[in-house]
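See below for the structure under consideration.
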Amino acid sequence: MASATYYEILRVAANASQDDIAAAYRRLARAVHPDRNPSPDAHRQMQVLIEAYNTLRHVERRRRYDDLLAAPARPA
């Protein structure tokens with residue numbers, strides 16, 4: 001099973017602006033933050049959200065991530 005891309009995690013398009021990415025992160029962080037979300041899975045959800053945001057908020061990291069997404073999959 002393929003895992004979700006960081007864009008899917010943040011619920012933004014691949015061509016989203018840096019401002020859109022930041023706004024999506026803030027909106028989702030309020031919803032999944034363990035202090036506000038009683039779900040036992042909230043901590044893991046927050047960690048995934050932070051990882052996605054930390055990659056996409058930096059222009060160079062985002063470019064490298066996009067290059068990885070565009071690369072053809074290698075057989076195992």
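The chains in the structure tokens are called A, B, ... from first to last as shown; in each chain the residues are counted from 1, and the ligands are counted from 1 in the order shown.
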Could you pull out all residues of chain A with a DSSP call of helix (DSSP H, G or I) and give them as number ranges by chain?
-> A: 6-10, 18-32, 42-56, 59-70
Quick one: everything within 10 Å of stretch 26-39 of chain A, counting only C-alpha atoms, minus sequence neighbours fewer than 3 positions away in the same chain. Send it as a PyMOL selection string.
-> chain A and resi 9-11+20-23+42-47+49-50+53
Test item: residues at most 12 Å from A:Tyr65, only C-alpha atoms, excluding those fewer than 5 positions along its chain, as a ChimeraX atom specification = /A:5-7,14,52-60,70-71
Could you check which of A:Arg74, A:Ala24, A:Asp67, A:Arg61 is closest to A:Glu8, using only C-alpha atoms?
->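 Checking each candidate against A:Glu8, we get A:Ala24 as the closest.
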Top pick for closest residue to A:Ser3, considering A:Tyr25, A:Leu69, A:Pro40, A:Ala16 and counting only C-alpha atoms | A:Leu69
